[in-house]
Amino acid sequence: MPAPDLLEFWNEAEIVPISALEHYAYCPRQCALIHIEQVYEENVYTLRGAALHERVDQAEGLIEDGFVLEYALPLWSVRLGLIGRADVVGFLPDGTPYPIEYKSGKRKVKYHDDVQLCAQAMCLEEMLQRAVPKGSIYYYASRRRREVEFTADLRALTEQVIHETRQMFRSGRTPPPLNDARCPDCSLIRLCMPDVIARLQQEQTR
């Protein structure tokens with residue numbers, strides 16, 4: 001199915017990459033630095049992730065565990081103004097799509113991962129006119145898969161993240177840093193400087 005021209009329905013600044021949803025759900029400032037300011041810096045985690053996705057993208061269609069697997073499948077949603085691609089989409093014998101997202105870390109429940117996967121499912125539903133009730137996230141470091149059910153609550157959360165991400169894109173503004181437990185593992189910590197900015201803000205309020 002050819003992708004529609006989303007610019008017929010959305011302004012360019014309003015089209016949200018699916019990958020931005022994970023970034024926003026994790027940290028809005030990280031999302032803005034990557035997608036608004038176009039800055040990025042590699043660390044060991046991003047390099048591992050890039051290498052993993054390169055291996056996944058190079059795979060071809062396979063049949064595994066009753067699934068027909070399609071790799072690096074382009075995704076879009078006119079309704080939601082989304083564009084991106086899925087690492088892998090498995091198709092059950094009855095044609096039901098089952099998105100699979102690959103992560104380089106260990107198995108752990110992370111709602112920002114679930115939001116990204118749910119957005120992929122909602123794109124597939126619009127594209128294929130088929131219900132997508134669940135998918136899974138495969139954690140390469142632990143070689144374990146976590147199944148995610150696309151509940152009404154998760155779908156509502158995903159649409160809220162899409163809305164908030166789009167609002168931030170429209171504003172063109174980067175939120176201030178929060179300097180919390182998420183920061184040490186962030187690839188942008190040296191560019192974001194959350195500790196330095198937080199210290200300066202504290203000094204200004206004294």
# chains A, B, ... in the order shown; residues from 1 in each chain; ligands from 1
>>> residues_around(residues="Gln116 of chain A", least_positions_apart="5", cutoff="9 Å", atoms="only C-alpha atoms", output="list in words")
Ile18, Ser19, Ala20, Leu21, Glu22, Ala25, Glu101, Tyr111, Ala121 and Thr158 of chain A
>>> residues_around(residues="segment 76-84 of chain A", least_positions_apart="3", cutoff="9 Å", atoms="only C-alpha atoms", output="mmCIF file with N, CA and C atoms, in the first residue's frame")
data_model
loop_
_atom_site.group_PDB
_atom_site.id
_atom_site.type_symbol
_atom_site.label_atom_id
_atom_site.label_comp_id
_atom_site.auth_asym_id
_atom_site.auth_seq_id
_atom_site.Cartn_x
_atom_site.Cartn_y
_atom_site.Cartn_z
ATOM 1 N N ALA A 3 2.183 4.975 0.670
ATOM 2 C CA ALA A 3 1.908 5.929 1.743
ATOM 3 C C ALA A 3 1.223 7.161 1.177
ATOM 4 N N PRO A 4 0.220 7.689 1.871
ATOM 5 C CA PRO A 4 -0.409 8.929 1.426
ATOM 6 C C PRO A 4 0.522 10.106 1.703
ATOM 7 N N ASP A 5 0.266 11.214 1.045
ATOM 8 C CA ASP A 5 1.021 12.427 1.302
ATOM 9 C C ASP A 5 0.384 13.117 2.512
ATOM 10 N N LEU A 6 1.032 12.966 3.670
ATOM 11 C CA LEU A 6 0.456 13.528 4.889
ATOM 12 C C LEU A 6 0.383 15.049 4.844
ATOM 13 N N PHE A 9 -2.882 16.731 4.560
ATOM 14 C CA PHE A 9 -3.787 16.742 5.710
ATOM 15 C C PHE A 9 -3.209 17.496 6.915
ATOM 16 N N TRP A 10 -1.884 17.589 6.985
ATOM 17 C CA TRP A 10 -1.212 18.194 8.130
ATOM 18 C C TRP A 10 -0.137 19.160 7.648
ATOM 19 N N GLU A 14 3.510 19.612 12.013
ATOM 20 C CA GLU A 14 2.563 18.873 12.846
ATOM 21 C C GLU A 14 2.676 17.366 12.673
ATOM 22 N N ILE A 15 3.416 16.904 11.676
ATOM 23 C CA ILE A 15 3.567 15.474 11.448
ATOM 24 C C ILE A 15 4.563 14.924 12.467
ATOM 25 N N VAL A 16 4.152 13.925 13.215
ATOM 26 C CA VAL A 16 4.948 13.420 14.327
ATOM 27 C C VAL A 16 5.591 12.076 13.948
ATOM 28 N N PRO A 17 6.919 11.974 13.995
ATOM 29 C CA PRO A 17 7.561 10.670 13.807
ATOM 30 C C PRO A 17 7.217 9.756 14.986
ATOM 31 N N ILE A 18 6.949 8.498 14.703
ATOM 32 C CA ILE A 18 6.610 7.565 15.779
ATOM 33 C C ILE A 18 7.731 7.496 16.804
ATOM 34 N N SER A 19 8.976 7.577 16.346
ATOM 35 C CA SER A 19 10.100 7.512 17.279
ATOM 36 C C SER A 19 10.082 8.670 18.274
ATOM 37 N N LEU A 73 8.951 -2.228 8.174
ATOM 38 C CA LEU A 73 7.710 -1.928 7.450
ATOM 39 C C LEU A 73 7.327 -0.460 7.647
ATOM 40 N N ALA A 119 1.450 3.074 19.184
ATOM 41 C CA ALA A 119 1.307 3.957 18.024
ATOM 42 C C ALA A 119 1.493 3.177 16.730
ATOM 43 N N GLN A 120 2.442 2.253 16.719
ATOM 44 C CA GLN A 120 2.626 1.404 15.540
ATOM 45 C C GLN A 120 1.364 0.590 15.268
ATOM 46 N N MET A 122 -1.741 1.300 16.071
ATOM 47 C CA MET A 122 -2.834 2.140 15.588
ATOM 48 C C MET A 122 -2.618 2.539 14.127
ATOM 49 N N CYS A 123 -1.360 2.705 13.730
ATOM 50 C CA CYS A 123 -1.075 2.942 12.311
ATOM 51 C C CYS A 123 -1.467 1.714 11.485
ATOM 52 N N LEU A 124 -1.080 0.541 11.946
ATOM 53 C CA LEU A 124 -1.407 -0.697 11.220
ATOM 54 C C LEU A 124 -2.915 -0.870 11.090
ATOM 55 N N GLU A 125 -3.645 -0.541 12.137
ATOM 56 C CA GLU A 125 -5.104 -0.669 12.082
ATOM 57 C C GLU A 125 -5.692 0.227 11.005
ATOM 58 N N GLU A 126 -5.193 1.436 10.910
ATOM 59 C CA GLU A 126 -5.699 2.358 9.885
ATOM 60 C C GLU A 126 -5.276 1.904 8.492
ATOM 61 N N MET A 127 -4.038 1.459 8.345
ATOM 62 C CA MET A 127 -3.517 1.068 7.040
ATOM 63 C C MET A 127 -4.187 -0.188 6.497
ATOM 64 N N GLU A 159 -2.534 8.490 22.478
ATOM 65 C CA GLU A 159 -3.094 9.653 21.776
ATOM 66 C C GLU A 159 -2.779 10.942 22.528
ATOM 67 N N ILE A 162 0.785 11.780 21.666
ATOM 68 C CA ILE A 162 0.820 12.331 20.302
ATOM 69 C C ILE A 162 0.412 13.797 20.321
ATOM 70 N N HIS A 163 -0.676 14.096 21.026
ATOM 71 C CA HIS A 163 -1.176 15.477 21.102
ATOM 72 C C HIS A 163 -0.135 16.397 21.744
#
>>> closest_residue(among="A:Thr174, A:Thr96, A:Ser104, A:Asn11", to="Ser142 of chain A", atoms="only C-alpha atoms")
A:Ser104
>>> atom_distance(atom1="atom CA of Arg130 of chain A", atom2="atom CA of Pro97 of chain A")
7.6 Å
>>> residues_around(residues="Val89 of chain A", least_positions_apart="4", cutoff="7 Å", atoms="only C-alpha atoms", output="PyMOL selection string")
chain A and resi 69-71+97-100
>>> select_by_dssp(residues="segment 93-174 of chain A", states="alpha helix (DSSP H)", output="PyMOL selection string")
chain A and resi 111-128+152-171
>>> write_last_selection(atoms="C-alpha atoms", output="compact mmCIF listing (two decimals), in the first residue's frame")
# COMPACT_ATOMS: atom_id res chain seq x y z
CA TYR A 111 5.69 2.89 29.44
CA HIS A 112 7.48 4.99 26.80
CA ASP A 113 8.30 1.75 24.93
CA ASP A 114 4.64 0.70 25.18
CA VAL A 115 3.48 4.05 23.78
CA GLN A 116 5.77 3.67 20.76
CA LEU A 117 4.52 0.14 20.09
CA CYS A 118 0.87 1.14 20.55
CA ALA A 119 1.31 3.96 18.02
CA GLN A 120 2.63 1.40 15.54
CA ALA A 121 -0.44 -0.75 16.17
CA MET A 122 -2.83 2.14 15.59
CA CYS A 123 -1.07 2.94 12.31
CA LEU A 124 -1.41 -0.70 11.22
CA GLU A 125 -5.10 -0.67 12.08
CA GLU A 126 -5.70 2.36 9.89
CA MET A 127 -3.52 1.07 7.04
CA LEU A 128 -4.84 -2.49 6.95
CA ALA A 152 -8.18 1.33 25.98
CA ASP A 153 -6.05 3.04 28.64
CA LEU A 154 -2.82 2.57 26.68
CA ARG A 155 -4.46 3.81 23.48
CA ALA A 156 -5.76 6.90 25.30
CA LEU A 157 -2.30 7.53 26.78
CA THR A 158 -0.70 7.15 23.35
CA GLU A 159 -3.09 9.65 21.78
CA GLN A 160 -2.38 12.07 24.64
CA VAL A 161 1.38 11.74 24.04
CA ILE A 162 0.82 12.33 20.30
CA HIS A 163 -1.18 15.48 21.10
CA GLU A 164 1.41 16.81 23.56
CA THR A 165 4.31 16.05 21.21
CA ARG A 166 2.54 17.87 18.37
CA GLN A 167 1.84 20.85 20.62
CA MET A 168 5.52 21.04 21.51
CA PHE A 169 6.49 20.84 17.83
CA ARG A 170 4.07 23.66 17.04
CA SER A 171 5.53 25.84 19.79
>>> select_by_dssp(residues="segment 91-169 of chain A", states="strand (DSSP E)", output="list in words")
Phe91, Pro97, Tyr98, Pro99, Ile100, Glu101, Tyr102, Lys103, Lys134, Gly135, Ser136, Ile137, Tyr138, Tyr139, Arg144, Arg145, Arg146, Glu147, Val148 and Glu149 of chain A
>>> atom_distance(atom1="atom CA of Lys103 of chain A", atom2="atom CA of Ile137 of chain A")
7.1 Å
